[in-house]
file upload_13.cif (mmCIF, C-alpha atoms and all ligand atoms)
data_run
#
loop_
_atom_site.label_atom_id
_atom_site.label_comp_id
_atom_site.auth_asym_id
_atom_site.auth_seq_id
_atom_site.Cartn_x
_atom_site.Cartn_y
_atom_site.Cartn_z
CA MET A 1 -20.45 -2.96 -2.78
CA GLY A 2 -20.63 -6.53 -1.54
CA THR A 3 -19.89 -7.17 2.12
CA GLY A 4 -20.19 -10.89 2.38
CA GLY A 5 -21.50 -13.97 0.63
CA PRO A 6 -20.12 -17.37 -0.14
CA GLU A 7 -17.20 -16.04 -2.12
CA VAL A 8 -15.59 -14.53 0.99
CA ARG A 9 -12.78 -16.66 2.35
CA THR A 10 -12.46 -16.45 6.11
CA GLY A 11 -9.83 -17.82 8.43
CA ARG A 12 -7.81 -17.37 11.56
CA GLY A 13 -4.08 -16.88 11.98
CA PRO A 14 -1.32 -17.54 12.63
CA LEU A 15 -0.58 -18.92 9.17
CA THR A 16 2.67 -20.38 7.91
CA GLU A 17 4.60 -18.69 5.12
CA ALA A 18 3.25 -21.18 2.57
CA GLU A 19 -0.30 -20.65 3.85
CA LEU A 20 0.18 -16.89 3.59
CA ASP A 21 1.40 -17.16 0.00
CA ASP A 22 -1.75 -19.12 -0.78
CA TRP A 23 -3.94 -16.70 1.18
CA TYR A 24 -2.54 -13.74 -0.78
CA ALA A 25 -2.60 -15.42 -4.20
CA VAL A 26 -4.00 -13.29 -7.02
CA PRO A 27 -7.59 -14.36 -7.84
CA PRO A 28 -7.83 -17.13 -10.42
CA GLY A 29 -8.32 -15.81 -13.93
CA ARG A 30 -6.71 -12.48 -13.06
CA SER A 31 -3.11 -13.57 -12.73
CA ASP A 32 -2.12 -12.69 -16.32
CA GLY A 33 -0.86 -9.16 -16.68
CA PRO A 34 -0.34 -6.46 -14.09
CA TRP A 35 -1.86 -6.68 -10.61
CA VAL A 36 -1.71 -3.59 -8.41
CA ARG A 37 -2.21 -3.91 -4.69
CA GLY A 38 -2.37 -1.34 -1.94
CA GLY A 39 -0.80 -2.53 1.30
CA PHE A 40 -1.68 -0.63 4.49
CA VAL A 41 -2.28 -0.78 8.21
CA THR A 42 -5.05 1.32 9.70
CA THR A 43 -6.98 1.86 12.91
CA LEU A 44 -10.75 1.71 13.42
CA ASP A 45 -10.86 5.47 12.90
CA GLY A 46 -9.02 5.09 9.62
CA ARG A 47 -5.70 6.59 10.72
CA ALA A 48 -2.63 5.63 8.73
CA ALA A 49 -0.13 6.92 11.27
CA GLY A 50 0.09 6.98 15.05
CA PRO A 51 0.99 9.83 17.37
CA ASP A 52 4.63 9.77 16.23
CA GLY A 53 3.59 10.40 12.62
CA ARG A 54 4.67 6.95 11.45
CA SER A 55 2.89 3.69 10.77
CA GLY A 56 5.31 1.79 13.03
CA SER A 57 3.39 2.88 16.11
CA LEU A 58 0.20 1.43 14.61
CA ASN A 59 1.53 -2.03 13.82
CA GLU A 60 3.83 -2.42 16.80
CA GLY A 61 3.29 -5.90 18.23
CA SER A 62 1.03 -6.98 15.34
CA ASP A 63 2.32 -10.31 14.09
CA GLY A 64 -0.57 -10.42 11.63
CA ASP A 65 0.37 -7.14 10.00
CA GLY A 66 4.02 -8.17 9.95
CA ALA A 67 3.01 -11.37 8.16
CA ALA A 68 0.82 -9.56 5.64
CA PHE A 69 3.51 -6.96 4.98
CA SER A 70 6.21 -9.60 4.43
CA THR A 71 3.96 -11.67 2.20
CA LEU A 72 3.15 -8.71 -0.05
CA ARG A 73 6.83 -7.74 -0.18
CA ARG A 74 7.75 -11.33 -1.11
CA TRP A 75 5.16 -11.28 -3.90
CA ALA A 76 6.02 -7.84 -5.29
CA GLN A 77 8.37 -7.05 -8.15
CA ALA A 78 7.95 -3.31 -7.55
CA VAL A 79 7.07 -1.50 -4.33
CA VAL A 80 5.81 2.02 -4.99
CA VAL A 81 5.81 4.79 -2.39
CA GLY A 82 5.36 8.53 -2.38
CA ALA A 83 8.43 10.48 -1.39
CA GLY A 84 6.63 11.60 1.80
CA THR A 85 6.47 8.02 3.02
CA ALA A 86 10.04 7.32 1.95
CA ARG A 87 11.14 10.31 4.05
CA ALA A 88 8.86 9.69 7.05
CA GLU A 89 9.50 5.97 7.29
CA GLY A 90 13.20 6.02 6.40
CA TYR A 91 12.86 3.69 3.43
CA GLY A 92 15.98 2.08 1.99
CA PRO A 93 16.60 -0.24 -0.96
CA LEU A 94 14.65 -3.50 -0.78
CA GLU A 95 15.67 -7.11 -1.11
CA GLY A 96 13.96 -9.06 -3.87
CA SER A 97 12.00 -6.16 -5.39
CA THR A 98 12.63 -2.65 -6.64
CA LEU A 99 11.60 0.39 -4.62
CA VAL A 100 9.91 3.00 -6.84
CA VAL A 101 9.76 6.46 -5.27
CA VAL A 102 7.31 8.99 -6.72
CA THR A 103 8.05 12.67 -6.24
CA ARG A 104 6.91 16.03 -7.52
CA SER A 105 9.77 18.01 -5.98
CA GLY A 106 12.64 15.57 -6.51
CA ASP A 107 13.38 15.80 -2.75
CA VAL A 108 14.45 12.19 -2.30
CA PRO A 109 16.98 11.15 0.37
CA ASP A 110 20.49 10.57 -1.04
CA ARG A 111 20.53 6.95 0.12
CA LEU A 112 17.65 6.35 -2.32
CA ALA A 113 18.43 8.78 -5.14
CA GLU A 114 21.93 7.39 -5.55
CA HIS A 115 21.10 3.71 -5.27
CA THR A 116 21.00 1.65 -8.45
CA ASP A 117 18.25 -0.62 -7.06
CA VAL A 118 15.88 2.29 -6.46
CA LEU A 119 13.88 3.95 -9.21
CA VAL A 120 12.89 7.58 -8.71
CA VAL A 121 10.02 8.82 -10.88
CA SER A 122 9.97 12.59 -10.71
CA GLY A 123 7.39 14.97 -12.11
CA GLU A 124 9.87 17.84 -11.96
CA GLY A 125 7.35 20.03 -10.19
CA GLU A 126 4.24 18.35 -11.62
CA ASP A 127 2.09 15.42 -10.56
CA VAL A 128 3.27 12.02 -11.74
CA THR A 129 0.27 10.10 -13.02
CA PRO A 130 -0.22 6.52 -11.83
CA GLN A 131 -0.31 5.50 -15.49
CA ARG A 132 3.21 6.84 -15.98
CA VAL A 133 4.50 4.88 -12.98
CA LEU A 134 2.76 1.71 -14.16
CA GLU A 135 4.10 2.14 -17.70
CA THR A 136 7.58 2.50 -16.21
CA CYS A 137 7.04 -0.71 -14.22
CA ALA A 138 5.71 -2.49 -17.32
CA GLY A 139 8.79 -1.36 -19.23
CA HIS A 140 10.89 -3.26 -16.71
CA GLY A 141 8.62 -6.30 -16.92
CA TRP A 142 7.21 -5.76 -13.40
CA ASP A 143 3.60 -6.93 -13.27
CA ARG A 144 3.32 -7.44 -9.52
CA VAL A 145 3.09 -4.00 -7.97
CA VAL A 146 2.44 -3.08 -4.34
CA VAL A 147 1.66 0.53 -3.45
CA GLU A 148 2.63 1.05 0.17
CA GLY A 149 1.35 4.62 0.29
CA GLY A 150 1.25 7.02 1.64
CA PRO A 151 -2.29 8.29 1.66
CA ALA A 152 -1.66 11.18 -0.77
CA LEU A 153 -0.20 8.91 -3.43
CA PHE A 154 -2.67 6.09 -2.76
CA GLY A 155 -5.66 8.45 -2.93
CA ALA A 156 -4.59 9.55 -6.41
CA TRP A 157 -4.13 5.94 -7.52
CA VAL A 158 -7.51 4.81 -6.17
CA ALA A 159 -9.24 7.82 -7.73
CA ALA A 160 -7.58 6.95 -11.06
CA ARG A 161 -8.96 3.40 -10.70
CA VAL A 162 -5.65 1.68 -11.27
CA VAL A 163 -5.60 -0.27 -7.98
CA ASP A 164 -6.92 -3.81 -8.32
CA GLU A 165 -6.96 -4.70 -4.68
CA LEU A 166 -6.52 -3.28 -1.20
CA CYS A 167 -4.83 -5.45 1.41
CA VAL A 168 -5.25 -3.77 4.75
CA THR A 169 -4.68 -4.70 8.35
CA VAL A 170 -7.33 -3.17 10.58
CA ARG A 171 -6.12 -2.82 14.15
CA PRO A 172 -8.94 -2.73 16.72
CA VAL A 173 -7.84 0.56 18.26
CA LEU A 174 -8.52 4.26 17.87
CA ALA A 175 -5.67 6.66 17.19
CA GLY A 176 -7.46 10.02 17.20
CA GLY A 177 -5.31 13.04 16.49
CA ASP A 178 -4.96 14.71 13.15
CA GLY A 179 -2.66 12.23 11.42
CA PRO A 180 -3.26 11.07 7.86
CA LEU A 181 -6.29 8.96 7.00
CA LEU A 182 -5.96 5.94 4.74
CA LEU A 183 -7.45 8.09 1.97
CA PRO A 184 -7.07 11.85 2.23
CA SER A 185 -10.37 13.60 2.89
CA GLY A 186 -11.67 14.97 -0.38
CA THR A 187 -10.65 11.90 -2.40
CA THR A 188 -13.43 11.52 -4.95
CA LEU A 189 -14.80 8.04 -5.58
CA PRO A 190 -17.92 7.07 -7.53
CA GLY A 191 -19.61 5.65 -4.41
CA LEU A 192 -18.83 3.04 -1.79
CA THR A 193 -15.95 1.16 -3.37
CA GLY A 194 -14.67 -2.35 -2.71
CA ARG A 195 -15.72 -6.00 -2.52
CA LEU A 196 -14.46 -8.13 0.33
CA THR A 197 -12.83 -11.40 -0.75
CA HIS A 198 -10.69 -12.46 2.24
CA LEU A 199 -11.01 -11.87 5.96
CA LEU A 200 -8.38 -13.28 8.29
CA GLU A 201 -8.46 -12.74 12.03
CA TRP A 202 -5.01 -12.88 13.57
CA GLU A 203 -4.70 -12.29 17.32
CA GLY A 204 -7.39 -9.63 17.25
CA ASP A 205 -6.27 -7.88 14.07
CA LEU A 206 -8.31 -8.17 10.86
CA LEU A 207 -6.43 -8.79 7.62
CA VAL A 208 -8.76 -7.72 4.84
CA ARG A 209 -8.50 -8.23 1.10
CA THR A 210 -10.90 -6.11 -0.92
CA LEU A 211 -11.17 -5.96 -4.70
CA LEU A 212 -11.34 -2.39 -5.95
CA ARG A 213 -12.01 -3.17 -9.60
N1 LIG B 301 -0.46 3.05 7.64
C1 LIG B 301 0.24 2.77 6.58
O1 LIG B 301 0.21 1.63 6.11
C2 LIG B 301 1.08 3.84 5.94
C3 LIG B 301 1.69 3.62 4.71
C4 LIG B 301 2.46 4.62 4.15
C5 LIG B 301 2.60 5.84 4.82
N2 LIG B 301 1.99 6.01 6.01
C6 LIG B 301 2.12 7.29 6.72
O2 LIG B 301 1.58 8.30 5.91
C7 LIG B 301 2.26 9.53 6.18
C8 LIG B 301 2.72 10.17 4.90
O3 LIG B 301 1.56 10.50 4.19
P1 LIG B 301 1.57 11.23 2.79
O4 LIG B 301 0.18 11.17 2.27
O5 LIG B 301 2.23 12.55 2.89
O6 LIG B 301 2.55 10.27 1.99
P2 LIG B 301 3.01 10.14 0.49
O7 LIG B 301 1.87 10.07 -0.46
O8 LIG B 301 3.99 9.03 0.50
O9 LIG B 301 3.85 11.46 0.28
C9 LIG B 301 3.40 12.62 -0.31
C10 LIG B 301 4.52 13.03 -1.22
O10 LIG B 301 4.73 12.00 -2.21
C11 LIG B 301 4.89 12.57 -3.48
N3 LIG B 301 3.68 12.36 -4.23
C12 LIG B 301 2.48 11.89 -3.80
N4 LIG B 301 1.62 11.81 -4.82
C13 LIG B 301 2.29 12.24 -5.91
C14 LIG B 301 1.94 12.38 -7.28
N5 LIG B 301 0.72 12.07 -7.72
N6 LIG B 301 2.88 12.86 -8.12
C15 LIG B 301 4.11 13.17 -7.70
N7 LIG B 301 4.51 13.04 -6.42
C16 LIG B 301 3.60 12.59 -5.54
C17 LIG B 301 5.14 14.05 -3.22
O11 LIG B 301 6.54 14.11 -2.91
P3 LIG B 301 7.44 15.44 -2.95
O12 LIG B 301 7.08 16.17 -1.68
O13 LIG B 301 8.84 14.94 -2.95
O14 LIG B 301 7.07 16.19 -4.19
C18 LIG B 301 4.27 14.30 -1.99
O15 LIG B 301 4.63 15.44 -1.27
C19 LIG B 301 3.39 9.22 7.13
O16 LIG B 301 2.94 9.52 8.42
C20 LIG B 301 3.55 7.71 6.97
O17 LIG B 301 4.05 7.14 8.14
C21 LIG B 301 1.24 5.04 6.58
#
call {"tool": "encode", "arguments": {"input": "upload_13.cif", "output": "structure tokens", "more": "lines below"}}
Ligand SMILES: NC(=O)c1ccc[n+]([C@@H]2O[C@H](COP(=O)([O-])OP(=O)(O)OC[C@H]3O[C@@H](n4cnc5c(N)ncnc54)[C@H](OP(=O)(O)O)[C@@H]3O)[C@@H](O)[C@H]2O)c1
result
Amino acid sequence: MGTGGPEVRTGRGPLTEAELDDWYAVPPGRSDGPWVRGGFVTTLDGRAAGPDGRSGSLNEGSDGDGAAFSTLRRWAQAVVVGAGTARAEGYGPLEGSTLVVVTRSGDVPDRLAEHTDVLVVSGEGEDVTPQRVLETCAGHGWDRVVVEGGPALFGAWVAARVVDELCVTVRPVLAGGDGPLLLPSGTTLPGLTGRLTHLLEWEGDLLVRTLLR
């Protein structure tokens, strides 16, 4: 793990939309082919949801996280979520990219299951491997993939080493409680994982880009 060094780009927000697009550009030399990003907000104690069981209570009032979220959405061709997140966060079809919902049970809200701009990848009772989702995306020509969670899905993707980069907003607060962590406890990794490349401070929030492979 590297935690610093000259290759780390640092800055301070607010940034304009054009500056954000530059800030979140894929690293030079790695822009050919698929690029898979995780996009999250978390607290200092690693919580991925607030007391109401949603991420909205974590990023409320965070212009930095709003900017990061919009920038990743603008960049993405496919936005992948687990069905738990789609249900908890009330996801609907997206503008400019395709929502890909991953489910074991097939329990996907009608507004998503019946929408032509939403792709449901169901395991019909079994796990759906990240490779299967990524092959489905590749089949549509979607190389720019953002995984917005939730933790269960993201943990499986990180453990399978298919995530190139984690883009996370760290809010300087503690949430406590027993809500989900960014990675579910028990997620097996080979060791400390990640190499910081970008660190942006925006009104007290830290917008972190970390390479995972
Ligand atoms: N802080 C953030 O940035 C952020 C981001 C996203 C979510 N969240 C929060 O995280 C919480 C939800 O967490 P979660 O871990 O339960 O979310 P999740 O991973 O989105 O949902 C779990 C569900 O997704 C499906 N799923 C996950 N992995 C699968 C796999 N490998 N194969 C097939 N289906 C799979 C299953 O759906 P079925 O049950 O349909 O089989 C599973 O029950 C909510 O509180 C949400 O607000 C926070």
call {"tool": "closest_residue", "arguments": {"input": "upload_13.cif", "among": "A:Asp143, A:Val118, A:Ala86, A:Val80", "to": "Pro130 (chain A)", "atoms": "all atoms listed in the file"}}
result
A:Val80
call {"tool": "residues_near_ligand", "arguments": {"input": "upload_13.cif", "ligand": "ligand LIG 301 (chain B)", "cutoff": "7 Å", "atoms": "all atoms listed in the file", "output": "JSON, numbers by chain"}}
result
{"A": [39, 40, 41, 42, 48, 49, 53, 54, 55, 81, 82, 83, 84, 85, 86, 88, 89, 102, 103, 104, 105, 106, 107, 108, 122, 123, 126, 127, 128, 129, 130, 148, 149, 150, 151, 152, 153, 154, 156, 179, 180, 182]}
call {"tool": "residues_around", "arguments": {"input": "upload_13.cif", "residues": "Gly96 (chain A)", "least_positions_apart": "6", "cutoff": "9 Å", "atoms": "all atoms listed in the file", "output": "compact mmCIF listing (two decimals) with C-alpha atoms, keeping the file's coordinate frame"}}
result
# COMPACT_ATOMS: atom_id res chain seq x y z
CA ARG A 73 6.83 -7.74 -0.18
CA ARG A 74 7.75 -11.33 -1.11
CA ALA A 76 6.02 -7.84 -5.29
CA GLN A 77 8.37 -7.05 -8.15
call {"tool": "residues_around", "arguments": {"input": "upload_13.cif", "residues": "Thr71 (chain A)", "least_positions_apart": "2", "cutoff": "10 Å", "atoms": "only C-alpha atoms", "output": "MDAnalysis selection string"}}
result
chainID A and resid 17:18 20:25 65:69 73:76
call {"tool": "atom_distance", "arguments": {"input": "upload_13.cif", "atom1": "CA of Gly13 (chain A)", "atom2": "CA of Arg213 (chain A)"}}
result
26.8 Å
call {"tool": "closest_residue", "arguments": {"input": "upload_13.cif", "among": "A:Gly139, A:Gly29, A:Gly50, A:Gly64", "to": "Leu199 (chain A)", "atoms": "only C-alpha atoms"}}
result
A:Gly64
call {"tool": "closest_residue", "arguments": {"input": "upload_13.cif", "among": "A:Arg144, A:Arg209, A:Arg111, A:His198", "to": "Val8 (chain A)", "atoms": "only C-alpha atoms"}}
result
A:His198
call {"tool": "build_atoms", "arguments": {"input": "upload_13.cif", "residues": "region 67-79 of chain A", "atoms": "N, CA and C atoms", "output": "mmCIF file, keeping the file's coordinate frame"}}
result
data_model
loop_
_atom_site.group_PDB
_atom_site.id
_atom_site.type_symbol
_atom_site.label_atom_id
_atom_site.label_comp_id
_atom_site.auth_asym_id
_atom_site.auth_seq_id
_atom_site.Cartn_x
_atom_site.Cartn_y
_atom_site.Cartn_z
ATOM 1 N N ALA A 67 3.116 -10.258 9.104
ATOM 2 C CA ALA A 67 3.010 -11.370 8.160
ATOM 3 C C ALA A 67 2.452 -10.897 6.823
ATOM 4 N N ALA A 68 1.414 -10.069 6.888
ATOM 5 C CA ALA A 68 0.820 -9.560 5.640
ATOM 6 C C ALA A 68 1.833 -8.718 4.873
ATOM 7 N N PHE A 69 2.506 -7.848 5.592
ATOM 8 C CA PHE A 69 3.510 -6.960 4.980
ATOM 9 C C PHE A 69 4.603 -7.782 4.298
ATOM 10 N N SER A 70 5.134 -8.774 5.011
ATOM 11 C CA SER A 70 6.210 -9.600 4.430
ATOM 12 C C SER A 70 5.715 -10.389 3.230
ATOM 13 N N THR A 71 4.489 -10.868 3.305
ATOM 14 C CA THR A 71 3.960 -11.670 2.200
ATOM 15 C C THR A 71 3.814 -10.809 0.945
ATOM 16 N N LEU A 72 3.293 -9.598 1.114
ATOM 17 C CA LEU A 72 3.150 -8.710 -0.050
ATOM 18 C C LEU A 72 4.517 -8.322 -0.601
ATOM 19 N N ARG A 73 5.470 -8.072 0.281
ATOM 20 C CA ARG A 73 6.830 -7.740 -0.180
ATOM 21 C C ARG A 73 7.445 -8.910 -0.948
ATOM 22 N N ARG A 74 7.202 -10.125 -0.457
ATOM 23 C CA ARG A 74 7.750 -11.330 -1.110
ATOM 24 C C ARG A 74 7.161 -11.481 -2.513
ATOM 25 N N TRP A 75 5.887 -11.133 -2.631
ATOM 26 C CA TRP A 75 5.160 -11.280 -3.900
ATOM 27 C C TRP A 75 5.564 -10.208 -4.907
ATOM 28 N N ALA A 76 5.866 -9.002 -4.415
ATOM 29 C CA ALA A 76 6.020 -7.840 -5.290
ATOM 30 C C ALA A 76 7.297 -7.888 -6.123
ATOM 31 N N GLN A 77 7.176 -7.351 -7.353
ATOM 32 C CA GLN A 77 8.370 -7.050 -8.150
ATOM 33 C C GLN A 77 8.734 -5.577 -7.991
ATOM 34 N N ALA A 78 7.727 -4.749 -7.783
ATOM 35 C CA ALA A 78 7.950 -3.310 -7.550
ATOM 36 C C ALA A 78 7.127 -2.873 -6.352
ATOM 37 N N VAL A 79 7.753 -2.088 -5.478
ATOM 38 C CA VAL A 79 7.070 -1.500 -4.330
ATOM 39 C C VAL A 79 7.094 0.011 -4.517
#
